[in-house]
Amino acid sequence: MIDIQNLHFSYKRKNVLSDLSVQFQPGYIYGLLGKNGAGKSTMMHNIAGLLFPKQGKVDVLGYVPSKRQPAFLQEIFMIPEEFHLPDITIGRLVRDHAVFYPKFNQQQFERYLSEFQVPLADKLPQASYGQKKKLLISFALACNTSILLMDEPTNGLDIISKSQFRKVLASVVDENKCILISTHQVKDLENLIDRITVIDNGNILFDQSIPNITRHLDCRLAQDSFEAKEALYAEETFRGNVIVTTNNNGHEGKLDLELLYKAVMNNPARVNEAFHRQPAVQY
């Protein structure tokens, strides 16, 4: 569905993406993780046709995004981290923009707004940032595009709204839709994401499915100081050392995305090496 090969992108003299290659398939929610400036948003903008690669190939649904063909644009929606909505009513917003998305469903839109507790009659100038974010998410989902790109979608949402977001997003996933979420709030999406892709310095540092991660790795409390020392990553807490270690217990490992991310950033070679070993997990 999305095929990126040897992508290079830079802003004037600042190189952001370097020979980046990755694929994203339909039927999955991908979590894009990385430090600020790592290239996550830049990659998503290249996928959406909002930025143009300097070198390399970006193929999305058989289209070249930079050509911005109408048939391509009606199948992709991006929710940016920073956005501006015009000072109009929700009804006017839908009338002006839904026409560009042939699969837009008004009933779904109203249902998502209801889930988020956003009144349909609200006027945008009077809405809070969080309400506007929920409106934009509802509209994006109701467009039923094949590809949905979301940059920090839970920013600005309170605890209840984040729970509503997870519920709504889980309800729209199907075998024909590909969802990419760039986030620093990994705890908000831990039970939604199907695959983790970590970007650092414009390159793919780590790319594995959740089932494969739990087959090969385990996130847990260390039994003793020796185990913490030998772990792929260890972090001291008031409970003791929490670790990421190879899964040798014959069962599915526990997953802590925040801990895993720290392990990848601190010791990428050893973490990736664990996936070349035969896991002890039996199914």
# chains A, B, ... in the order shown; residues from 1 in each chain; ligands from 1
>>> select_by_dssp(residues="range 36-229 of chain A", states="helix (DSSP H, G or I)", output="MDAnalysis selection string")
chainID A and resid 40:48 65:67 70:73 90:100 106:115 124:126 129:142 159:172 186:189 210:216 225:229
>>> select_by_dssp(residues="range 5-208 of chain A", states="strand (DSSP E)", output="JSON, numbers by chain")
{"A": [5, 6, 7, 8, 9, 10, 11, 14, 15, 16, 17, 18, 19, 20, 21, 22, 23, 24, 28, 29, 30, 31, 32, 33, 55, 56, 57, 58, 59, 60, 76, 77, 78, 79, 147, 148, 149, 150, 151, 178, 179, 180, 181, 182, 195, 196, 197, 198, 199, 200, 203, 204, 205, 206, 207, 208]}
>>> closest_atom_pairs(of="range 104-186 of chain A", to="range 23-40 of chain A", cutoff="8 Å", atoms="only C-alpha atoms", output="Markdown table")
| residue | atom | partner | partner_atom | distance |
| --- | --- | --- | --- | --- |
| A:Val173 | CA | A:Gly27 | CA | 6.6 |
| A:Asp174 | CA | A:Gly27 | CA | 5.3 |
| A:Glu175 | CA | A:Gly27 | CA | 3.8 |
| A:Asn176 | CA | A:Pro26 | CA | 5.3 |
| A:Lys177 | CA | A:Pro26 | CA | 5.0 |
| A:Cys178 | CA | A:Pro26 | CA | 4.5 |
| A:Ile179 | CA | A:Ile29 | CA | 4.7 |
| A:Leu180 | CA | A:Tyr30 | CA | 4.8 |
| A:Ile181 | CA | A:Gly31 | CA | 5.1 |
| A:Ser182 | CA | A:Leu32 | CA | 4.5 |
| A:Thr183 | CA | A:Leu33 | CA | 6.1 |
| A:His184 | CA | A:Leu33 | CA | 6.6 |
>>> write_last_selection(atoms="N, CA and C atoms", output="compact mmCIF listing (two decimals), in the first residue's frame")
# COMPACT_ATOMS: atom_id res chain seq x y z
N VAL A 173 -10.73 0.14 12.02
CA VAL A 173 -9.67 -0.63 11.36
C VAL A 173 -10.28 -1.78 10.57
N ASP A 174 -9.86 -1.91 9.32
CA ASP A 174 -10.26 -3.07 8.53
C ASP A 174 -9.11 -3.45 7.61
N GLU A 175 -9.30 -4.50 6.83
CA GLU A 175 -8.21 -5.05 6.02
C GLU A 175 -7.81 -4.15 4.85
N ASN A 176 -8.61 -3.12 4.58
CA ASN A 176 -8.31 -2.23 3.46
C ASN A 176 -7.75 -0.88 3.88
N LYS A 177 -7.58 -0.67 5.18
CA LYS A 177 -7.15 0.64 5.67
C LYS A 177 -5.78 0.54 6.33
N CYS A 178 -4.95 1.52 6.06
CA CYS A 178 -3.62 1.61 6.67
C CYS A 178 -3.56 2.89 7.48
N ILE A 179 -3.23 2.77 8.77
CA ILE A 179 -3.20 3.93 9.66
C ILE A 179 -1.79 4.08 10.22
N LEU A 180 -1.21 5.27 10.03
CA LEU A 180 0.11 5.58 10.58
C LEU A 180 -0.05 6.66 11.64
N ILE A 181 0.48 6.38 12.83
CA ILE A 181 0.38 7.33 13.93
C ILE A 181 1.78 7.67 14.43
N SER A 182 2.14 8.94 14.31
CA SER A 182 3.38 9.43 14.88
C SER A 182 3.08 9.98 16.27
N THR A 183 3.78 9.49 17.29
CA THR A 183 3.44 9.91 18.65
C THR A 183 4.63 9.81 19.59
N HIS A 184 4.61 10.65 20.62
CA HIS A 184 5.49 10.50 21.76
C HIS A 184 4.72 9.91 22.94
>>> residues_around(residues="Leu205 in chain A", least_positions_apart="2", cutoff="12 Å", atoms="only C-alpha atoms", output="count of residues only")
30
>>> residues_around(residues="range 63-67 of chain A", least_positions_apart="2", cutoff="10 Å", atoms="only C-alpha atoms", output="PyMOL selection string")
chain A and resi 1-2+45-53+57-61+69-73+76
>>> atom_distance(atom1="CA of Ser171 in chain A", atom2="CA of Tyr101 in chain A")
19.8 Å
>>> closest_residue(among="A:Lys54, A:Leu136, A:Thr237, A:Phe109", to="His84 in chain A", atoms="only C-alpha atoms")
A:Leu136
>>> residues_around(residues="Glu110 in chain A", least_positions_apart="5", cutoff="10 Å", atoms="only C-alpha atoms", output="list in words")
Asn105, Glu115, Phe116, Val118, Pro119, Leu120, Leu135, Ser138, Phe139 and Ala142 of chain A
>>> residues_around(residues="Lys187 in chain A", least_positions_apart="3", cutoff="8 Å", atoms="only C-alpha atoms", output="list of chain:residue names")
A:Glu190, A:Leu257, A:Glu258
>>> closest_residue(among="A:Leu189, A:Met44, A:Ile4, A:Ile243", to="Ser163 in chain A", atoms="only C-alpha atoms")
A:Leu189
>>> closest_residue(among="A:Met78, A:Met150, A:Cys219, A:Leu124", to="Leu169 in chain A", atoms="only C-alpha atoms")
A:Met150
>>> closest_residue(among="A:Ser10, A:Thr214, A:Glu230, A:Ala222", to="Val242 in chain A", atoms="only C-alpha atoms")
A:Ala222
>>> closest_residue(among="A:Gly130, A:Gly253, A:Gly91, A:Pro211", to="Asp158 in chain A", atoms="only C-alpha atoms")
A:Gly130
>>> closest_residue(among="A:Ala274, A:Phe100, A:Asn191, A:Arg239", to="Asp256 in chain A", atoms="only C-alpha atoms")
A:Asn191
>>> residues_around(residues="Leu141 in chain A", least_positions_apart="4", cutoff="9 Å", atoms="only C-alpha atoms", output="VMD selection string")
chain A and resid 77 104 108 to 109 112 136 to 137 145 148 168 to 169 172
>>> write_last_selection(atoms="N, CA and C atoms", output="compact mmCIF listing (two decimals), in the first residue's frame")
# COMPACT_ATOMS: atom_id res chain seq x y z
N PHE A 77 -5.78 11.00 4.04
CA PHE A 77 -6.11 12.13 4.92
C PHE A 77 -5.01 12.21 5.96
N PHE A 104 -17.07 9.74 2.15
CA PHE A 104 -17.47 10.39 3.41
C PHE A 104 -18.86 9.92 3.81
N GLN A 108 -21.64 8.23 10.13
CA GLN A 108 -20.44 7.89 10.89
C GLN A 108 -19.87 9.14 11.57
N PHE A 109 -19.82 10.23 10.85
CA PHE A 109 -19.29 11.47 11.39
C PHE A 109 -20.05 11.88 12.64
N TYR A 112 -19.22 9.54 15.55
CA TYR A 112 -17.92 9.81 16.16
C TYR A 112 -17.99 11.06 17.03
N LEU A 136 -11.75 17.20 14.16
CA LEU A 136 -10.90 16.86 13.02
C LEU A 136 -10.71 15.35 12.92
N ILE A 137 -10.52 14.69 14.05
CA ILE A 137 -10.38 13.23 14.04
C ILE A 137 -11.67 12.59 13.54
N THR A 145 -10.95 7.14 4.08
CA THR A 145 -9.84 7.03 3.15
C THR A 145 -9.07 5.74 3.41
N LEU A 148 -4.70 6.78 6.44
CA LEU A 148 -4.91 7.84 7.43
C LEU A 148 -3.59 8.09 8.15
N VAL A 168 -12.84 4.68 19.37
CA VAL A 168 -13.28 5.05 18.03
C VAL A 168 -12.32 4.51 16.98
N LEU A 169 -11.01 4.66 17.22
CA LEU A 169 -10.03 4.22 16.23
C LEU A 169 -10.07 2.71 16.04
N VAL A 172 -12.66 1.41 13.48
CA VAL A 172 -12.59 1.71 12.04
C VAL A 172 -11.55 0.87 11.30
